[in-house]
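Step one of this worksheet: look at the structure below.
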Amino acid sequence: MNSADPQTETDRAGRYTARVYAERARLLAALADPAGHQRRVLDDLLEFNAGTDYGTAHGFGRIRNLDEYRRAVPIQTYADLEPWIERSAAGEANVLTADRPAVFFTSSGSTGAHKKIPVTRRFMRTSFFPFYYAAWAPLVAHFPEVLDRPGAVLNLKHDPIAVPPTTSSGKPHVGASQVNFGETFGEPLSAEPGTDAPWAELPVPVAAHDHLEKTYLRLRLAVAGDVRCVIGINPAMVAALPHQLRLWWPRIVKEIRDGTLGGRPHGSPDPDRAAELERLADRFGTVRPAHVWPRMRALFCWTTGLATLYLPRLKEEFGADVTVLPAPVAASEGPVAVALDRHGSAGSLVVTASVYEFVDADEDLTPDTQTLLPEDLEPGRDYHVVFSHVGGLYRYAVGDVVRVVDRAHGVPRLAYAGRATRSDHAGERLREAQVTRALSGALDATGLELRNAATRVDSEGGTGRYVFAVAPAGPWHEEEADAFTARLDDELARESMGYRKARAAGRLAAPATLRLPADAFLRDWHDTVAGGVRPTQVKDRLFRQDSGQWERLVGPAGTAPGPLPREERA
């Protein structure tokens, strides 16, 4: 909610900052005894939910330690828990949790957009809010001016909805960014930076599912302001902003000049600001966020996965001195790690939120897979994440892979490495993280840069091979593209034994690259949102085996092989 009283804003900013620092201090203190806190989280979820149908079926009341818990409860996915969740969503009480879910989150992951993630008040109080507040500490500590004014932050993920869709029992079934935590969970300070900006609640009518127009309207209002920070969480949203700014520039300038918003009267005409913006575009030959908001200080989004390939160039769009702060490692289902300092990619395990178990990312997850504990993890390795929390998710394989960067404060510091999805045409079992690292290694070795990349297996010519659709950040000469493709082949073999064996046995041919226009992925993102998908849910997607998705990205000629593999050249 917007406030016209500067003193009220100042008071709230002070209370908010104090809460953020207090929660960070509590998490840091908890890291002194991670094993003890993990035991307490387990004891709490077992005791609180022992009388539920799930707790009774799995003997929660008899479980005394983690080993007994692991024997009683299998590792499970959403599909395994779905019958229990559907009963709860239909209004049945005491199914997974002793307290009824207040809302069901939709998953914003690359799959399962229609999941119903139960969210209870106890989960929010004990697991979510401590991590949630602490996540903002690096931003608030180093860029306190973002709290000075409601219009200082452009929060791209904030998407309030007047009439939310509901489950059959009437509970909201929405994304986390569409929930008013203050009203739903009694947390008046929980409105994150940017959610009280003048564009947070649009002052003109717009269809609930017209996400592209909503994005335009917020950008139109923000261009007239002095934005210091952009919050996206999903980096694809942040990457889309400069593209949208250029795409919509004539419309934005005209509406500022005319005093309209979405074609309707809004505020006063501002020909001076419009003229200033036109001069900027004429001076620089294009328009960038750095031109429109010269006092921009920070971006807040995930900094790993495919974003590692394009964030350095993207950062320049917002300003040479802009800092990119990493968003937490978390999913709609629960938190995993949060940055408690200014590390560029990793966060400390949130030992007070869930019981965490891990499995080497190269292993298959089965109900009885042996798991590792946080103290067993090794820096430089990738792991599946399995967590249990009081909100009704028990030994839940969230589908994400994390990489252990190092250890800090006695616990592993984790970075998001990608989805657990594999591409396995000929026994190569490639994971997103492996392909991303291979792409990064090939770029480093050749001195080239990308704006984004995707891949699929093309088997039309017989032996399958990976075709990489890439959007170069600048022109590539043919010999450079050939060198990149050859090095990518080597890097994939280095990352994956399965790929190395498949190549050696002739089950996979050498990869090929297909160079796309620089804005190809941005146009694809834009078109997906125009098709009705919420922007928070349109994430970077590396594996695109679906022919429709692939053709939408590369066009009908996208099956062309590009440069010939090495062994096929004359």
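In the structure tokens, the first chain shown is A, the next is B, and so on; residue numbers restart at 1 for each chain, and ligands run from 1 in the order shown.
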Exercise for the section: Find the residues around region 201-214 of chain A up to 10 Å (only C-alpha atoms counted), leave out those fewer than 2 positions away in its own chain, and share them as a PyMOL selection string. Expected result: chain A and resi 1-2+158-164+195-199+216-221+244+261-266+526-535
Practice task
Quick one: everything within 12 Å of Leu81 (chain A), counting only C-alpha atoms, minus sequence neighbours fewer than 3 positions away in the same chain. Send it as an MDAnalysis selection string.
Solution key: chainID A and resid 54 73:78 84:88 95:96 115:118 392:398
Residues just named, written with C-alpha atoms as an mmCIF file, in the first residue's frame:
```cif
data_model
loop_
_atom_site.group_PDB
_atom_site.id
_atom_site.type_symbol
_atom_site.label_atom_id
_atom_site.label_comp_id
_atom_site.auth_asym_id
_atom_site.auth_seq_id
_atom_site.Cartn_x
_atom_site.Cartn_y
_atom_site.Cartn_z
ATOM 1 C CA TYR A 54 0.208 -38.790 7.064
ATOM 2 C CA VAL A 73 9.481 -42.052 5.146
ATOM 3 C CA PRO A 74 10.671 -42.589 1.563
ATOM 4 C CA ILE A 75 12.138 -39.894 -0.641
ATOM 5 C CA GLN A 76 9.228 -38.554 -2.641
ATOM 6 C CA THR A 77 8.317 -36.124 -5.360
ATOM 7 C CA TYR A 78 5.263 -33.950 -5.775
ATOM 8 C CA TRP A 84 -2.459 -36.199 0.128
ATOM 9 C CA ILE A 85 -2.174 -32.606 -1.100
ATOM 10 C CA GLU A 86 -5.372 -32.872 -3.159
ATOM 11 C CA ARG A 87 -7.294 -34.048 -0.116
ATOM 12 C CA SER A 88 -6.008 -31.042 1.794
ATOM 13 C CA VAL A 95 -4.120 -34.649 6.294
ATOM 14 C CA LEU A 96 -0.474 -33.558 6.021
ATOM 15 C CA LYS A 115 1.188 -27.736 -8.494
ATOM 16 C CA LYS A 116 -0.590 -26.935 -5.257
ATOM 17 C CA ILE A 117 2.064 -26.329 -2.608
ATOM 18 C CA PRO A 118 0.382 -26.223 0.840
ATOM 19 C CA GLY A 392 3.736 -30.934 5.245
ATOM 20 C CA LEU A 393 6.525 -31.737 2.787
ATOM 21 C CA TYR A 394 8.415 -34.784 4.025
ATOM 22 C CA ARG A 395 11.666 -35.970 2.428
ATOM 23 C CA TYR A 396 10.619 -33.955 -0.577
ATOM 24 C CA ALA A 397 12.862 -34.020 -3.671
ATOM 25 C CA VAL A 398 12.379 -30.467 -4.853
#
```
Handout entry: Spatial neighbours of Ser348 (chain A), 8 Å, only C-alpha atoms, chain gap at least 4 places, as a list in words
Key =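 Skipping anything fewer than 4 positions along the chain leaves Ala337, Val338, Ala339, Leu340, Ala408, Val411, Pro412, Arg413 and Leu414 of chain A.
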Would you put the residues from that selection into a file with all heavy atoms, as a short mmCIF file (atom, residue, chain, number, x, y, z; two decimals), in the first residue's frame?
```cif
data_model
loop_
_atom_site.label_atom_id
_atom_site.label_comp_id
_atom_site.auth_asym_id
_atom_site.auth_seq_id
_atom_site.Cartn_x
_atom_site.Cartn_y
_atom_site.Cartn_z
N ALA A 337 18.97 -22.02 0.96
CA ALA A 337 20.14 -21.25 1.40
C ALA A 337 19.90 -19.78 1.14
O ALA A 337 19.18 -19.39 0.22
CB ALA A 337 21.39 -21.73 0.65
N VAL A 338 20.55 -18.96 1.95
CA VAL A 338 20.38 -17.51 1.83
C VAL A 338 21.73 -16.84 2.04
O VAL A 338 22.52 -17.24 2.91
CB VAL A 338 19.35 -16.99 2.85
CG1 VAL A 338 19.79 -17.24 4.28
CG2 VAL A 338 19.04 -15.52 2.62
N ALA A 339 22.00 -15.83 1.20
CA ALA A 339 23.25 -15.08 1.32
C ALA A 339 23.17 -14.16 2.53
O ALA A 339 22.28 -13.31 2.61
CB ALA A 339 23.50 -14.28 0.05
N LEU A 340 24.08 -14.33 3.44
CA LEU A 340 24.13 -13.49 4.64
C LEU A 340 25.22 -12.44 4.54
O LEU A 340 25.48 -11.69 5.48
CB LEU A 340 24.36 -14.37 5.88
CG LEU A 340 23.28 -15.43 6.10
CD1 LEU A 340 23.63 -16.33 7.27
CD2 LEU A 340 21.91 -14.78 6.32
N ALA A 408 31.20 -21.96 5.15
CA ALA A 408 31.31 -20.72 5.91
C ALA A 408 30.45 -20.84 7.15
O ALA A 408 29.34 -21.38 7.09
CB ALA A 408 30.86 -19.53 5.05
N VAL A 411 28.87 -24.34 7.96
CA VAL A 411 27.90 -25.05 7.11
C VAL A 411 28.29 -24.85 5.65
O VAL A 411 29.00 -23.90 5.30
CB VAL A 411 26.45 -24.55 7.33
CG1 VAL A 411 26.02 -24.79 8.76
CG2 VAL A 411 26.33 -23.08 6.96
N PRO A 412 27.83 -25.74 4.77
CA PRO A 412 28.12 -25.54 3.35
C PRO A 412 27.44 -24.29 2.82
O PRO A 412 26.31 -23.97 3.19
CB PRO A 412 27.58 -26.80 2.69
CG PRO A 412 26.58 -27.35 3.65
CD PRO A 412 27.07 -26.98 5.01
N ARG A 413 28.15 -23.60 1.93
CA ARG A 413 27.56 -22.47 1.24
C ARG A 413 27.19 -22.95 -0.17
O ARG A 413 28.04 -23.47 -0.90
CB ARG A 413 28.52 -21.29 1.20
CG ARG A 413 27.86 -20.00 0.88
CD ARG A 413 28.53 -18.78 1.48
NE ARG A 413 29.96 -18.71 1.26
CZ ARG A 413 30.70 -17.66 1.58
NH1 ARG A 413 30.12 -16.62 2.15
NH2 ARG A 413 31.99 -17.65 1.37
N LEU A 414 25.92 -22.78 -0.52
CA LEU A 414 25.36 -23.43 -1.70
C LEU A 414 24.95 -22.41 -2.75
O LEU A 414 24.45 -21.33 -2.44
CB LEU A 414 24.13 -24.25 -1.30
CG LEU A 414 24.31 -25.26 -0.16
CD1 LEU A 414 22.97 -25.87 0.22
CD2 LEU A 414 25.30 -26.34 -0.56
#
```
Exercise for the section: Step one, run DSSP on the backbone; step two, keep only residues of region 363-517 of chain A assigned to helix (DSSP H, G or I); then write them as a PyMOL selection string. Expected result: chain A and resi 374-376+432-446+478-495+497-504
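Restricting the calculation to only C-alpha atoms, the smallest distance between Asp33 (chain A) and any of A:Val351, A:Ala307, A:Val329, A:Leu488 is found for A:Val351.
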Write out as a PDB file with N, CA, C and O atoms, in the first residue's frame each polymer residue whose atoms come within 8 Å of Phe468 (chain A), counting only C-alpha atoms; drop sequence neighbours fewer than 4 positions from it.
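Dumped to around38.pdb:
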```pdb
ATOM      1  N   ALA A 453      21.550 -19.360 -24.295  1.00  0.00           N
ATOM      2  CA  ALA A 453      21.757 -20.578 -25.071  1.00  0.00           C
ATOM      3  C   ALA A 453      20.687 -21.605 -24.714  1.00  0.00           C
ATOM      4  O   ALA A 453      20.118 -21.584 -23.620  1.00  0.00           O
ATOM      5  N   ALA A 454      20.431 -22.509 -25.643  1.00  0.00           N
ATOM      6  CA  ALA A 454      19.545 -23.654 -25.433  1.00  0.00           C
ATOM      7  C   ALA A 454      20.054 -24.784 -26.308  1.00  0.00           C
ATOM      8  O   ALA A 454      20.829 -24.568 -27.241  1.00  0.00           O
ATOM      9  N   THR A 455      19.612 -25.996 -25.995  1.00  0.00           N
ATOM     10  CA  THR A 455      20.078 -27.135 -26.772  1.00  0.00           C
ATOM     11  C   THR A 455      19.009 -28.214 -26.874  1.00  0.00           C
ATOM     12  O   THR A 455      18.104 -28.298 -26.043  1.00  0.00           O
ATOM     13  N   ARG A 456      19.121 -29.011 -27.921  1.00  0.00           N
ATOM     14  CA  ARG A 456      18.286 -30.190 -28.100  1.00  0.00           C
ATOM     15  C   ARG A 456      19.089 -31.213 -28.887  1.00  0.00           C
ATOM     16  O   ARG A 456      20.074 -30.871 -29.545  1.00  0.00           O
ATOM     17  N   PRO A 511      28.814 -32.013 -31.567  1.00  0.00           N
ATOM     18  CA  PRO A 511      27.740 -31.018 -31.507  1.00  0.00           C
ATOM     19  C   PRO A 511      27.842 -30.006 -32.643  1.00  0.00           C
ATOM     20  O   PRO A 511      28.865 -29.912 -33.334  1.00  0.00           O
ATOM     21  N   ALA A 512      26.770 -29.267 -32.818  1.00  0.00           N
ATOM     22  CA  ALA A 512      26.727 -28.178 -33.790  1.00  0.00           C
ATOM     23  C   ALA A 512      26.167 -26.948 -33.099  1.00  0.00           C
ATOM     24  O   ALA A 512      25.476 -27.056 -32.076  1.00  0.00           O
ATOM     25  N   THR A 513      26.472 -25.795 -33.659  1.00  0.00           N
ATOM     26  CA  THR A 513      25.919 -24.554 -33.114  1.00  0.00           C
ATOM     27  C   THR A 513      25.076 -23.865 -34.169  1.00  0.00           C
ATOM     28  O   THR A 513      25.378 -23.908 -35.367  1.00  0.00           O
ATOM     29  N   LEU A 514      24.023 -23.244 -33.709  1.00  0.00           N
ATOM     30  CA  LEU A 514      23.118 -22.490 -34.560  1.00  0.00           C
ATOM     31  C   LEU A 514      23.060 -21.089 -33.986  1.00  0.00           C
ATOM     32  O   LEU A 514      22.533 -20.872 -32.891  1.00  0.00           O
TER      33      LEU A 514
END
```
Problem - strand (DSSP E) positions in region 336-502 of chain A, given as a PyMOL selection string - result: chain A and resi 336-338+347-349+355-360+382-389+393-408+411-419+422-423+430-431+450-458+465-472
List as a short mmCIF file (atom, residue, chain, number, x, y, z; two decimals) with N, CA and C atoms, in the first residue's frame the protein and nucleic acid residues near Trp476 (chain A), meaning an atom at most 10 Å away when only C-alpha atoms are counted, but skip any in the same chain fewer than 6 places from it.
```cif
data_model
loop_
_atom_site.label_atom_id
_atom_site.label_comp_id
_atom_site.auth_asym_id
_atom_site.auth_seq_id
_atom_site.Cartn_x
_atom_site.Cartn_y
_atom_site.Cartn_z
N LEU A 448 34.74 -15.53 -26.36
CA LEU A 448 33.46 -15.12 -26.90
C LEU A 448 32.45 -14.89 -25.77
N GLU A 449 31.32 -14.28 -26.13
CA GLU A 449 30.28 -14.00 -25.15
C GLU A 449 28.92 -14.37 -25.72
N ASP A 482 33.52 -22.12 -35.08
CA ASP A 482 34.02 -23.50 -35.17
C ASP A 482 34.85 -23.84 -33.94
N PHE A 484 34.65 -22.50 -30.99
CA PHE A 484 33.75 -22.60 -29.83
C PHE A 484 33.08 -23.97 -29.80
N ARG A 515 23.64 -20.15 -34.71
CA ARG A 515 23.70 -18.78 -34.21
C ARG A 515 22.41 -18.03 -34.52
#
```
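Minimum atom-to-atom distances from A:Ser547, A:Thr126, A:Thr106, A:Thr323 to Ala176 (chain A) were compared using only C-alpha atoms, and the lowest value belongs to A:Thr106.
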Exercise for the section: Compile the contact shell of Tyr69 (chain A) as a PyMOL selection string: residues with an atom at most 9 Å away, counting only C-alpha atoms, same-chain residues fewer than 4 positions apart removed. Expected result: chain A and resi 42+58-60+63-65+73-74
Problem - Gap from CA of Glu23 (chain A) to CA of Tyr356 (chain A) - Å, one decimal - result: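 Separating CA of Glu23 (chain A) from CA of Tyr356 (chain A) is a distance of 20.0 Å.
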